[in-house]
2 protein chains.
Amino acid sequence: VIHRLAVVGVGLLGGSVAKAARARGIAREILGVGRDLARLAPALRDGVLDRATTDLREGVAGADVVVLGTPVLTLARLLEDVWAAAPDHAVITDVGSTKLAIVEAAAALARRRPLQFVGSHPMAGSEQSGYAVARTDLFEGATVVVTPTDLTSPPAAKAVTGFWESLGARVVTLDPAGHDRAVAMISHLPHLVAYALVDAVGRDMPSALELVARGFKDTTRIAASDPRVWQEIFLANRPALRGALAGFRRSLADLEALVESGDAGGLVDTLGQIRDRREALR
Amino acid sequence: VIHRLAVVGVGLLGGSVAKAARARGIAREILGVGRDLARLAPALRDGVLDRATTDLREGVAGADVVVLGTPVLTLARLLEDVWAAAPDHAVITDVGSTKLAIVEAAAALARRRPLQFVGSHPMAGSEQSGYAVARTDLFEGATVVVTPTDLTSPPAAKAVTGFWESLGARVVTLDPAGHDRAVAMISHLPHLVAYALVDAVGRDMPSALELVARGFKDTTRIAASDPRVWQEIFLANRPALRGALAGFRRSLADLEALVESGDAGGLVDTLGQIRDRREALR
């Protein structure tokens, strides 16, 4: 059992970590760190947090497990304070959408002080954000990618894996660069594409937006995501996003060429193969 | 009230027309036409159809209202038989996803015999198909685009508009070419993009499909649609789809350029404007 769990950034993901940890009794004490005490008040009232502070160093000082729940670019800034204040035995993880930069930043800090950081990415985000939408069951059945490296101690990797499993998640282990390429394909690219779809209709034929049905709404739901969060993710994962976009453009061009060729049989076959792949998703 | 409603093609849309018409009591008799009597049996058993036939001419012979519920390319083939057999006072409509071709085909036939055809497109499709997924409430609150032209008699336009409204739909009137451009943007383009997203991940990094969460699934749900239906739609609406793709590529390139420029402020602003547009959808 964890003596003290510190959750830094008590929003959708951090708040759900705290809620799930409380509901499942996996931490004796849960402490929340935020920029604004008023925004931590609901979690205190809910009994999800035992204590709240705006002082990051104070918040992580006695923690066995530190979960950084802030957006990706904020993470790097916080890491130095976490490193200065967390106890020697602490295991630190995060919930950021890209992993290479944060893992490298942690590795650089670990050369000065050998704290254990293991990157995590719960594939359980939402276009909504904030503690108000945090859920006790957010991680139940969700996939969490954990990204240990050669520098990670096996007990730390095991602790972080066990932590997410204890919240009900299925853990998949990837190296940080492989994670970033994978999420560029399955998350960052679809977000950019959804934004582009809404933008294209809005620019070329805004009146058509009066007619949209479930298909357009589902396809572009993630274009309602927080612009600040996604600006950070797109910038943080630029090289992998560039590669994902190239693959997407090739696939789109191949499909358009098939449409333009008028090859009905070839088009049915190709769409059928893609449909089968889509239907095979777990 | 309609004396006899003939529904040609009793699948998701045609079946839902029959179910809604029955439930709302807007037709004394509902007759279904299909290629295979066995596939019409469930609708007869449900009491949704009073009669069923595989003979199109027989089916439309005594009908006041004929609804063509078959895929777009099949429609054109059926139209000649409908024209030969429907009574003089019949009003004919369809549920096809493109309108210019069918409306022009009907106009050509009307030069020989002045029957009234008014194109319709209920924006209430699904990636599923067949009578088994037809629903009494499919059109409740849904948008149906109706596409009269200069050749349409006002009473026929009014009859078709009234028909859909009596099933609970909101009717929007557009000219056929404007309809085809609008649905190319909000339906056909998103479908092609969804197919391309699944294809790109499948070709470049199939292992990433193990990690997908709700974002990818929602964005690509429509890639599980029937390949035969979509092959027909893509081919039938090629010119408008080409234009929609050009606009989408421009929007995607603009977003990528903003990401590559590293202009965080500009990126937040642009994503924020798109998010607002997405959130304004009814």
# chains A, B, ... in the order shown; residues from 1 in each chain; ligands from 1

call {"tool": "interface_residues", "arguments": {"of": "chain B", "to": "chain A", "cutoff": "7 Å", "atoms": "only C-alpha atoms", "output": "PyMOL selection string"}}
result
chain B and resi 123-124+143+182+185-187+190+193+195-201+204+208-209+211-213+215-216+218-220+222-225+227-228+231+234-235+247-248+251-252+259+262+264+267-268+271-272+274-275+278-279+281

call {"tool": "select_by_dssp", "arguments": {"residues": "segment 84-167 of chain B", "states": "strand (DSSP E or B)", "output": "list in words"}}
result
Val91, Ile92, Thr93, Asp94, Gln116, Phe117, Gly119, Ser120, His121, Pro122, Thr143, Val144, Val145, Val146 and Thr147 of chain B

call {"tool": "select_by_dssp", "arguments": {"residues": "segment 49-138 of chain B", "states": "alpha helix (DSSP H)", "output": "JSON, numbers by chain"}}
result
{"B": [56, 57, 58, 59, 60, 72, 73, 74, 75, 76, 77, 78, 79, 80, 81, 82, 83, 84, 85, 100, 101, 102, 103, 104, 105, 106, 107, 108, 109, 110]}

call {"tool": "closest_residue", "arguments": {"among": "A:Val95, A:Val10, A:Ala110, A:Val65", "to": "Arg39 of chain A", "atoms": "only C-alpha atoms"}}
result
A:Val10

call {"tool": "residues_around", "arguments": {"residues": "Thr161 of chain B", "least_positions_apart": "3", "cutoff": "8 Å", "atoms": "only C-alpha atoms", "output": "number ranges by chain"}}
result
B: 146, 157-158, 164-165, 171

call {"tool": "atom_distance", "arguments": {"atom1": "atom CA of Leu31 of chain A", "atom2": "atom CA of Glu58 of chain A"}}
result
10.2 Å

call {"tool": "closest_residue", "arguments": {"among": "B:Leu68, B:Leu115, B:Leu44, B:Leu100", "to": "Asp88 of chain B", "atoms": "only C-alpha atoms"}}
result
B:Leu115

call {"tool": "closest_residue", "arguments": {"among": "A:Leu40, A:Ala20, A:Val118, A:Ile2", "to": "Gly130 of chain A", "atoms": "only C-alpha atoms"}}
result
A:Leu40
